[in-house]
file final-v4.txt (compact mmCIF, C-alpha atoms)
# COMPACT_ATOMS: atom_id res chain seq x y z
CA MET S 87 35.20 -6.33 -22.16
CA LYS S 88 32.00 -5.40 -20.36
CA ILE S 89 29.51 -7.85 -18.85
CA CYS S 90 25.92 -6.70 -19.11
CA TYR S 91 23.02 -8.19 -17.10
CA TYR S 92 19.39 -7.63 -18.13
CA ASP S 93 16.05 -7.92 -16.41
CA GLU S 94 12.63 -6.36 -16.85
CA SER S 95 9.45 -5.30 -15.07
CA GLY S 96 6.00 -5.47 -16.60
CA ASP S 97 5.05 -7.52 -19.64
CA ASP S 98 6.24 -6.84 -23.18
CA GLY S 99 2.92 -7.66 -24.83
CA PHE S 100 1.17 -5.33 -27.29
CA PRO S 101 -1.55 -4.65 -28.32
CA SER S 102 -2.75 -7.19 -25.72
CA PHE S 103 -1.01 -6.65 -22.39
CA SER S 104 -1.34 -6.93 -18.62
CA SER S 105 0.77 -3.89 -17.72
CA PRO S 106 0.50 -0.38 -19.22
CA ILE S 107 4.27 0.11 -19.22
CA PHE S 108 7.32 -2.08 -19.69
CA VAL S 109 10.78 -1.46 -18.20
CA LEU S 110 14.01 -3.04 -19.42
CA SER S 111 17.06 -2.46 -17.23
CA ALA S 112 20.70 -3.24 -17.99
CA LEU S 113 23.52 -3.34 -15.44
CA TYR S 114 27.07 -3.46 -16.81
CA PHE S 115 30.69 -3.18 -15.74
CA ASP S 116 34.19 -4.23 -16.77
CA TYR S 117 34.73 -7.98 -16.64
CA SER S 118 37.88 -7.51 -14.54
CA HIS S 119 35.72 -6.13 -11.71
CA TRP S 120 33.33 -9.10 -11.63
CA LYS S 121 34.90 -10.91 -8.68
CA ILE S 122 35.33 -7.74 -6.63
CA ILE S 123 31.72 -6.62 -7.15
CA HIS S 124 30.37 -10.11 -6.57
CA GLU S 125 32.19 -10.27 -3.23
CA GLN S 126 30.84 -6.84 -2.31
CA ILE S 127 27.32 -8.12 -2.95
CA ARG S 128 27.92 -11.27 -0.90
CA ASN S 129 29.21 -9.17 2.00
CA PHE S 130 26.17 -6.93 1.77
CA ARG S 131 23.88 -9.97 1.77
CA ARG S 132 25.68 -11.26 4.88
CA GLU S 133 24.95 -7.92 6.57
CA LEU S 134 21.27 -8.30 5.67
CA LYS S 135 21.36 -11.77 7.18
CA GLU S 136 22.79 -10.42 10.44
CA GLN S 137 20.45 -7.43 10.64
CA PHE S 138 17.19 -8.87 9.28
CA ASN S 139 17.75 -12.64 9.07
CA PHE S 140 17.36 -12.45 5.29
CA PRO S 141 19.03 -15.61 3.94
CA VAL S 142 22.21 -14.94 1.97
CA LYS S 143 21.24 -17.31 -0.85
CA LEU S 144 17.53 -16.48 -1.03
CA GLU S 145 16.61 -14.82 -4.32
CA LEU S 146 15.44 -11.23 -3.95
CA HIS S 147 12.46 -10.71 -6.22
CA SER S 148 11.69 -7.08 -5.42
CA LYS S 149 8.05 -7.01 -6.50
CA TYR S 150 7.10 -10.04 -4.42
CA PHE S 151 9.16 -8.78 -1.51
CA LEU S 152 7.48 -5.36 -1.46
CA LEU S 153 4.05 -6.93 -1.91
CA ASP S 154 4.75 -9.35 0.98
CA LYS S 155 4.17 -12.44 -1.13
CA ASP S 156 5.77 -15.88 -0.85
CA PRO S 157 8.50 -16.77 -0.09
CA TYR S 158 8.79 -13.63 2.09
CA ARG S 159 5.35 -13.58 3.73
CA ASN S 160 6.30 -15.47 6.90
CA MET S 161 9.75 -13.96 7.41
CA GLY S 162 8.61 -11.26 9.83
CA PHE S 163 9.03 -8.22 7.56
CA ASP S 164 6.48 -5.51 8.20
CA VAL S 165 6.08 -2.72 5.65
CA VAL S 166 8.60 -0.47 7.41
CA LYS S 167 11.29 -3.16 7.35
CA ARG S 168 10.56 -4.04 3.71
CA LYS S 169 11.01 -0.44 2.64
CA LEU S 170 14.15 -0.14 4.76
CA VAL S 171 15.68 -3.20 3.09
CA ILE S 172 14.96 -1.75 -0.35
CA SER S 173 16.49 1.58 0.71
CA LEU S 174 19.62 -0.21 1.91
CA PHE S 175 19.82 -2.10 -1.37
CA CYS S 176 19.50 1.14 -3.36
CA LYS S 177 22.20 2.85 -1.34
CA PHE S 178 24.45 -0.16 -1.80
CA ILE S 179 23.83 -0.34 -5.57
CA GLY S 180 24.62 3.36 -5.85
CA SER S 181 28.00 2.70 -4.24
CA LEU S 182 29.10 0.06 -6.76
CA ASP S 183 31.41 0.63 -9.72
CA ILE S 184 28.69 -0.18 -12.26
CA ARG S 185 26.51 1.53 -14.85
CA ILE S 186 22.76 1.08 -15.32
CA VAL S 187 20.57 1.95 -18.31
CA ASN S 188 16.77 1.98 -17.99
CA ILE S 189 14.34 1.99 -20.92
CA LEU S 190 10.62 2.52 -20.28
CA ILE S 191 8.01 1.77 -22.93
CA ASN S 192 4.73 3.64 -22.37
CA LYS S 193 2.13 1.51 -24.15
CA GLN S 194 -0.59 4.13 -23.67
CA VAL S 195 0.86 6.32 -26.42
CA ILE S 196 1.76 3.60 -28.93
CA ARG S 197 -0.04 4.23 -32.22
CA SER S 198 1.02 1.27 -34.37
CA PRO S 199 -0.52 -2.16 -33.66
CA ASN S 200 2.73 -3.71 -34.93
CA PHE S 201 4.91 -1.98 -32.31
CA ASP S 202 7.40 -4.51 -30.88
CA VAL S 203 7.87 -3.57 -27.22
CA LEU S 204 10.85 -5.76 -26.35
CA ASN S 205 12.64 -5.16 -29.65
CA THR S 206 12.31 -1.38 -29.22
CA ALA S 207 13.42 -1.39 -25.57
CA LEU S 208 16.40 -3.66 -26.22
CA THR S 209 17.51 -1.68 -29.28
CA TYR S 210 17.49 1.61 -27.35
CA SER S 211 19.29 -0.05 -24.46
CA ILE S 212 22.09 -1.57 -26.53
CA GLN S 213 22.58 1.68 -28.44
CA ARG S 214 23.12 3.50 -25.15
CA ILE S 215 25.53 0.93 -23.79
CA GLU S 216 27.57 1.11 -26.98
CA ASN S 217 27.55 4.93 -26.80
CA ASP S 218 28.73 4.75 -23.20
CA ILE S 219 31.59 2.42 -24.14
CA ASP S 220 32.78 5.16 -26.54
CA LEU S 221 34.13 3.10 -29.42
CA GLU S 222 35.93 6.08 -30.92
CA ASN S 223 38.36 6.10 -28.03
CA ASN S 224 37.98 2.43 -27.06
CA PRO S 225 37.61 0.58 -30.39
CA LYS S 226 38.54 -2.82 -28.96
CA THR S 227 35.99 -2.80 -26.13
CA LYS S 228 33.20 -5.35 -26.42
CA PHE S 229 30.26 -6.39 -24.25
CA LEU S 230 28.38 -9.60 -23.57
CA ILE S 231 24.72 -9.90 -22.52
CA ILE S 232 23.54 -12.23 -19.74
CA THR S 233 19.81 -12.37 -19.03
CA ASP S 234 17.12 -14.33 -17.23
CA ASP S 235 16.16 -17.12 -19.61
CA GLY S 236 12.52 -16.13 -20.19
CA ARG S 237 13.10 -13.84 -23.19
CA VAL S 238 16.39 -15.11 -24.62
CA ASP S 239 14.93 -16.20 -27.99
CA LYS S 240 13.28 -12.83 -28.66
CA MET S 241 16.35 -10.92 -27.51
CA ARG S 242 18.58 -13.03 -29.76
CA LYS S 243 16.53 -12.02 -32.80
CA THR S 244 16.94 -8.32 -31.97
CA THR S 245 20.67 -8.47 -31.19
CA ARG S 246 21.44 -10.30 -34.42
CA SER S 247 19.40 -7.81 -36.43
CA ILE S 248 20.91 -4.58 -35.05
CA GLN S 249 24.44 -5.86 -35.59
CA LYS S 250 23.63 -6.05 -39.31
CA ILE S 251 21.40 -3.00 -39.80
CA ASN S 252 20.57 -0.38 -37.17
CA TYR S 253 19.12 3.09 -37.73
CA VAL S 254 19.28 5.83 -35.09
CA PRO S 255 16.73 8.70 -35.16
CA SER S 256 18.28 12.09 -35.87
CA LYS S 257 18.13 14.65 -33.07
CA PHE S 258 17.50 17.35 -35.66
CA GLY S 259 14.58 15.80 -37.50
CA TYR S 260 16.59 14.57 -40.46
CA SER S 261 16.46 11.08 -41.91
CA PRO S 262 17.58 8.33 -39.47
CA LEU S 263 21.31 7.62 -39.42
CA ARG S 264 22.64 4.11 -39.95
CA LYS S 265 24.72 3.07 -36.95
CA ASP S 266 25.11 -0.70 -36.76
CA ILE S 267 26.05 -2.16 -33.36
CA LYS S 268 29.73 -3.16 -33.38
CA SER S 269 30.74 -3.90 -29.78
CA LEU S 270 28.26 -6.67 -28.89
CA ILE S 271 29.62 -10.22 -29.01
CA GLU S 272 27.78 -13.57 -28.93
CA ASP S 273 24.03 -14.06 -28.57
CA PRO S 274 22.43 -13.19 -25.20
CA LEU S 275 23.31 -15.95 -22.74
CA PRO S 276 20.70 -17.33 -20.30
CA LYS S 277 21.17 -17.36 -16.54
CA ASN S 278 18.63 -18.32 -13.89
CA SER S 279 18.00 -15.25 -11.71
CA LYS S 280 18.05 -17.46 -8.60
CA GLU S 281 21.73 -18.09 -9.31
CA SER S 282 22.71 -14.49 -10.09
CA TYR S 283 22.99 -11.63 -7.61
CA PHE S 284 23.54 -9.33 -10.58
CA ILE S 285 20.22 -10.18 -12.23
CA GLN S 286 18.47 -9.81 -8.86
CA ILE S 287 19.92 -6.32 -8.48
CA THR S 288 18.82 -5.48 -12.02
CA ASP S 289 15.34 -6.77 -11.15
CA LEU S 290 15.22 -4.41 -8.17
CA VAL S 291 16.18 -1.41 -10.30
CA ALA S 292 13.67 -2.35 -13.01
CA TYR S 293 10.80 -2.60 -10.51
CA ILE S 294 11.61 0.76 -8.91
CA VAL S 295 11.71 2.35 -12.36
CA TYR S 296 8.40 0.61 -13.13
CA LEU S 297 6.77 2.13 -10.03
CA TYR S 298 8.21 5.52 -10.95
CA GLY S 299 6.88 5.13 -14.51
CA ILE S 300 3.37 4.25 -13.35
CA LYS S 301 3.04 7.73 -11.85
CA MET S 302 5.28 9.56 -14.33
CA CYS S 303 3.25 8.28 -17.29
CA LYS S 304 -0.10 8.50 -15.43
CA ALA S 305 -0.60 4.82 -16.10
CA GLY S 306 -2.69 3.98 -13.04
CA ASP S 307 -1.71 3.43 -9.43
CA PHE S 308 0.63 1.29 -7.38
CA PRO S 309 -0.56 -2.26 -6.61
CA SER S 310 -3.23 -2.27 -3.91
CA ARG S 311 -0.85 -3.72 -1.30
CA LEU S 312 1.53 -0.81 -1.88
CA LYS S 313 -0.55 2.29 -2.48
CA LYS S 314 -1.39 2.76 1.21
CA HIS S 315 2.24 2.54 2.26
CA LEU S 316 4.38 3.86 -0.61
CA THR S 317 4.58 7.44 -1.85
CA ASP S 318 5.92 9.07 -4.99
CA ALA S 319 8.52 10.81 -2.83
CA GLU S 320 9.82 7.47 -1.51
CA ILE S 321 10.23 6.15 -5.06
CA LYS S 322 12.25 9.24 -5.97
CA ASP S 323 14.31 8.80 -2.80
CA TRP S 324 15.20 5.28 -3.96
CA LEU S 325 16.12 6.56 -7.43
CA ASN S 326 18.30 9.26 -5.91
CA LEU S 327 20.14 6.60 -3.92
CA LEU S 328 20.66 4.67 -7.17
CA LYS S 329 21.66 7.79 -9.10
CA PRO S 330 25.47 7.47 -8.76
CA SER S 331 25.26 4.22 -10.76
CA LEU S 332 22.67 5.36 -13.32
CA ASN S 333 23.78 6.29 -16.82
CA LEU S 334 22.20 9.75 -16.82
CA ASN S 335 23.28 10.36 -20.43
CA ALA S 336 20.90 7.63 -21.58
CA ALA S 337 18.12 10.24 -21.55
CA GLN S 338 19.15 13.81 -20.83
CA ASP S 339 15.53 14.97 -20.59
CA ASN S 340 14.95 12.82 -17.49
CA GLU S 341 16.62 13.50 -14.14
CA PHE S 342 17.33 9.79 -13.65
CA GLY S 343 18.41 9.08 -17.23
CA ILE S 344 15.33 6.94 -17.92
CA LYS S 345 14.62 6.75 -21.65
CA ILE S 346 10.84 6.83 -22.16
CA GLN S 347 9.40 5.75 -25.51
CA PRO S 348 7.32 6.47 -27.47
CA ARG S 349 7.16 10.18 -26.75
CA SER S 350 3.59 11.31 -26.09
call {"tool": "encode", "arguments": {"input": "final-v4.txt", "output": "structure tokens"}}
result
Amino acid sequence: MKICYYDESGDDGFPSFSSPIFVLSALYFDYSHWKIIHEQIRNFRRELKEQFNFPVKLELHSKYFLLDKDPYRNMGFDVVKRKLVISLFCKFIGSLDIRIVNILINKQVIRSPNFDVLNTALTYSIQRIENDIDLENNPKTKFLIITDDGRVDKMRKTTRSIQKINYVPSKFGYSPLRKDIKSLIEDPLPKNSKESYFIQITDLVAYIVYLYGIKMCKAGDFPSRLKKHLTDAEIKDWLNLLKPSLNLNAAQDNEFGIKIQPRS
């Protein structure tokens, strides 16, 4: 069985929204590796404590950390140290025996006022996780979703629906193919991100993909506190550090495997 952790960046509202894009990230691995990976993360956090005095149990919320907002404001991190910490995190994540799928919804090119942002992102994400599991050769493999509790109700509605009826667009322009999700078990289970290193890591990936998407989709600029200090090249450097853990087959038309929908 696989355990899959979800987190997002941006808001999933449409047609009213506060962010022009929405990113949903999923981090997953075999359940038998949970303890090993968790201990690897704890050891890495201890190293951060020794090097930067970053508390082992303090939640890493990447957006607030990079923007130098509470609770990080008075911890003595200048912009150079903040970017270094994120780089170290990315390198570490890229070294783990995990897989990550990223779905980016570009609201600027949505044409239907009834477009459901979260439903679309989650459907694409689950399809790609199931494809990666390869049920043909591993028919008994299942996966379980754990997510920050803010969107559990909406996610539950989607996961129940696509296990009953799920259509996949044809690559060749034919009618959509019916491919119901078979490997997902249980409803998404809630977990407070403060209590989960895995959700915090997923949050970091989602925010980096969000920053990448802002420029990739020409959806504005970085937040004002970042645009003087962060370049497009640095974002790509972070993604390249993450690359060994990214599911690149999730979107073969993107160098980092980021599935961008709708297509412009």
call {"tool": "residues_around", "arguments": {"input": "final-v4.txt", "residues": "range 341-346 of chain S", "least_positions_apart": "5", "cutoff": "12 Å", "atoms": "all atoms listed in the file", "output": "PyMOL selection string"}}
result
chain S and resi 107-112+185-196+203+206-211+213-214+291-292+294-296+298-300+302-303+321-336
call {"tool": "atom_distance", "arguments": {"input": "final-v4.txt", "atom1": "CA of Ile248 in chain S", "atom2": "CA of Pro199 in chain S"}}
result
21.6 Å
call {"tool": "closest_residue", "arguments": {"input": "final-v4.txt", "among": "S:Asp183, S:Glu216, S:Asp156, S:Asp235", "to": "Tyr117 in chain S", "atoms": "all atoms listed in the file"}}
result
S:Asp183
call {"tool": "closest_residue", "arguments": {"input": "final-v4.txt", "among": "S:Asp234, S:Asp116, S:Asp239, S:Asp266", "to": "Tyr91 in chain S", "atoms": "all atoms listed in the file"}}
result
S:Asp234
call {"tool": "closest_residue", "arguments": {"input": "final-v4.txt", "among": "S:Tyr158, S:Phe103, S:Tyr150, S:Tyr114", "to": "Lys88 in chain S", "atoms": "only C-alpha atoms"}}
result
S:Tyr114
call {"tool": "axis_aligned_box", "arguments": {"input": "final-v4.txt", "around": "range 103-108 of chain S", "padding_each_side": "5 Å", "output": "AutoDock Vina command-line options"}}
result
--center_x 3.0 --center_y -3.4 --center_z -20.1 --size_x 18.7 --size_y 17.0 --size_z 14.7
call {"tool": "residues_around", "arguments": {"input": "final-v4.txt", "residues": "Asp164 in chain S", "least_positions_apart": "6", "cutoff": "12 Å", "atoms": "all atoms listed in the file", "output": "NGL selection string"}}
result
:S and (138 or 151-155 or 158 or 170-171 or 315)
call {"tool": "atom_distance", "arguments": {"input": "final-v4.txt", "atom1": "CA of Glu145 in chain S", "atom2": "CA of Ser282 in chain S"}}
result
8.4 Å
call {"tool": "residues_around", "arguments": {"input": "final-v4.txt", "residues": "Ile172 in chain S", "least_positions_apart": "3", "cutoff": "9 Å", "atoms": "all atoms listed in the file", "output": "list in words"}}
result
Ser148, Leu152, Lys167, Arg168, Lys169, Phe175, Cys176, Lys177, Leu290 and Trp324 of chain S
call {"tool": "write_last_selection", "arguments": {"input": "final-v4.txt", "atoms": "C-alpha atoms", "output": "PDB file, in the frame of the given file"}}
result
ATOM      1  CA  SER S 148      11.690  -7.080  -5.420  1.00  0.00           C
ATOM      2  CA  LEU S 152       7.480  -5.360  -1.460  1.00  0.00           C
ATOM      3  CA  LYS S 167      11.290  -3.160   7.350  1.00  0.00           C
ATOM      4  CA  ARG S 168      10.560  -4.040   3.710  1.00  0.00           C
ATOM      5  CA  LYS S 169      11.010  -0.440   2.640  1.00  0.00           C
ATOM      6  CA  PHE S 175      19.820  -2.100  -1.370  1.00  0.00           C
ATOM      7  CA  CYS S 176      19.500   1.140  -3.360  1.00  0.00           C
ATOM      8  CA  LYS S 177      22.200   2.850  -1.340  1.00  0.00           C
ATOM      9  CA  LEU S 290      15.220  -4.410  -8.170  1.00  0.00           C
ATOM     10  CA  TRP S 324      15.200   5.280  -3.960  1.00  0.00           C
TER      11      TRP S 324
END
call {"tool": "closest_residue", "arguments": {"input": "final-v4.txt", "among": "S:Val238, S:Ile271, S:Met161, S:Cys90", "to": "Lys135 in chain S", "atoms": "all atoms listed in the file"}}
result
S:Met161
call {"tool": "atom_distance", "arguments": {"input": "final-v4.txt", "atom1": "CA of Asp307 in chain S", "atom2": "CA of Ser104 in chain S"}}
result
13.9 Å
call {"tool": "build_atoms", "arguments": {"input": "final-v4.txt", "residues": "range 156-178 of chain S", "atoms": "N, CA, C and O atoms", "output": "mmCIF file, in the coordinates of the input"}}
result
data_model
loop_
_atom_site.group_PDB
_atom_site.id
_atom_site.type_symbol
_atom_site.label_atom_id
_atom_site.label_comp_id
_atom_site.auth_asym_id
_atom_site.auth_seq_id
_atom_site.Cartn_x
_atom_site.Cartn_y
_atom_site.Cartn_z
ATOM 1 N N ASP S 156 4.832 -14.772 -1.029
ATOM 2 C CA ASP S 156 5.770 -15.880 -0.850
ATOM 3 C C ASP S 156 6.975 -15.685 -1.765
ATOM 4 O O ASP S 156 6.822 -15.200 -2.894
ATOM 5 N N PRO S 157 8.169 -16.038 -1.323
ATOM 6 C CA PRO S 157 8.500 -16.770 -0.090
ATOM 7 C C PRO S 157 8.814 -15.864 1.105
ATOM 8 O O PRO S 157 9.409 -16.327 2.076
ATOM 9 N N TYR S 158 8.393 -14.597 1.050
ATOM 10 C CA TYR S 158 8.790 -13.630 2.090
ATOM 11 C C TYR S 158 7.716 -13.415 3.148
ATOM 12 O O TYR S 158 7.980 -12.804 4.187
ATOM 13 N N ARG S 159 6.509 -13.930 2.894
ATOM 14 C CA ARG S 159 5.350 -13.580 3.730
ATOM 15 C C ARG S 159 5.549 -13.912 5.206
ATOM 16 O O ARG S 159 5.139 -13.146 6.082
ATOM 17 N N ASN S 160 6.170 -15.031 5.502
ATOM 18 C CA ASN S 160 6.300 -15.470 6.900
ATOM 19 C C ASN S 160 7.689 -15.222 7.485
ATOM 20 O O ASN S 160 8.096 -15.886 8.443
ATOM 21 N N MET S 161 8.398 -14.237 6.940
ATOM 22 C CA MET S 161 9.750 -13.960 7.410
ATOM 23 C C MET S 161 9.812 -12.824 8.425
ATOM 24 O O MET S 161 10.895 -12.427 8.861
ATOM 25 N N GLY S 162 8.653 -12.280 8.780
ATOM 26 C CA GLY S 162 8.610 -11.260 9.830
ATOM 27 C C GLY S 162 8.930 -9.849 9.374
ATOM 28 O O GLY S 162 9.289 -8.990 10.189
ATOM 29 N N PHE S 163 8.773 -9.573 8.062
ATOM 30 C CA PHE S 163 9.030 -8.220 7.560
ATOM 31 C C PHE S 163 7.726 -7.432 7.507
ATOM 32 O O PHE S 163 6.845 -7.739 6.704
ATOM 33 N N ASP S 164 7.610 -6.412 8.352
ATOM 34 C CA ASP S 164 6.480 -5.510 8.200
ATOM 35 C C ASP S 164 6.813 -4.510 7.102
ATOM 36 O O ASP S 164 7.913 -4.504 6.540
ATOM 37 N N VAL S 165 5.880 -3.622 6.776
ATOM 38 C CA VAL S 165 6.080 -2.720 5.650
ATOM 39 C C VAL S 165 7.257 -1.775 5.877
ATOM 40 O O VAL S 165 8.000 -1.438 4.941
ATOM 41 N N VAL S 166 7.479 -1.372 7.106
ATOM 42 C CA VAL S 166 8.600 -0.470 7.410
ATOM 43 C C VAL S 166 9.933 -1.159 7.129
ATOM 44 O O VAL S 166 10.834 -0.586 6.509
ATOM 45 N N LYS S 167 10.058 -2.415 7.571
ATOM 46 C CA LYS S 167 11.290 -3.160 7.350
ATOM 47 C C LYS S 167 11.509 -3.453 5.866
ATOM 48 O O LYS S 167 12.638 -3.408 5.366
ATOM 49 N N ARG S 168 10.421 -3.752 5.142
ATOM 50 C CA ARG S 168 10.560 -4.040 3.710
ATOM 51 C C ARG S 168 11.091 -2.817 2.976
ATOM 52 O O ARG S 168 11.998 -2.920 2.139
ATOM 53 N N LYS S 169 10.545 -1.656 3.305
ATOM 54 C CA LYS S 169 11.010 -0.440 2.640
ATOM 55 C C LYS S 169 12.440 -0.100 3.065
ATOM 56 O O LYS S 169 13.228 0.409 2.255
ATOM 57 N N LEU S 170 12.788 -0.390 4.293
ATOM 58 C CA LEU S 170 14.150 -0.140 4.760
ATOM 59 C C LEU S 170 15.140 -1.017 4.014
ATOM 60 O O LEU S 170 16.217 -0.548 3.600
ATOM 61 N N VAL S 171 14.796 -2.289 3.825
ATOM 62 C CA VAL S 171 15.680 -3.200 3.090
ATOM 63 C C VAL S 171 15.890 -2.696 1.661
ATOM 64 O O VAL S 171 17.022 -2.694 1.147
ATOM 65 N N ILE S 172 14.819 -2.268 1.007
ATOM 66 C CA ILE S 172 14.960 -1.750 -0.350
ATOM 67 C C ILE S 172 15.828 -0.490 -0.366
ATOM 68 O O ILE S 172 16.678 -0.313 -1.246
ATOM 69 N N SER S 173 15.657 0.376 0.619
ATOM 70 C CA SER S 173 16.490 1.580 0.710
ATOM 71 C C SER S 173 17.965 1.221 0.866
ATOM 72 O O SER S 173 18.841 1.828 0.239
ATOM 73 N N LEU S 174 18.237 0.225 1.713
ATOM 74 C CA LEU S 174 19.620 -0.210 1.910
ATOM 75 C C LEU S 174 20.199 -0.791 0.625
ATOM 76 O O LEU S 174 21.365 -0.551 0.296
ATOM 77 N N PHE S 175 19.383 -1.559 -0.096
ATOM 78 C CA PHE S 175 19.820 -2.100 -1.370
ATOM 79 C C PHE S 175 20.155 -0.969 -2.346
ATOM 80 O O PHE S 175 21.184 -0.998 -3.029
ATOM 81 N N CYS S 176 19.284 0.032 -2.419
ATOM 82 C CA CYS S 176 19.500 1.140 -3.360
ATOM 83 C C CYS S 176 20.775 1.901 -3.028
ATOM 84 O O CYS S 176 21.555 2.254 -3.928
ATOM 85 N N LYS S 177 20.981 2.159 -1.748
ATOM 86 C CA LYS S 177 22.200 2.850 -1.340
ATOM 87 C C LYS S 177 23.429 2.040 -1.698
ATOM 88 O O LYS S 177 24.442 2.582 -2.180
ATOM 89 N N PHE S 178 23.334 0.729 -1.476
ATOM 90 C CA PHE S 178 24.450 -0.160 -1.800
ATOM 91 C C PHE S 178 24.713 -0.172 -3.305
ATOM 92 O O PHE S 178 25.870 -0.049 -3.747
#
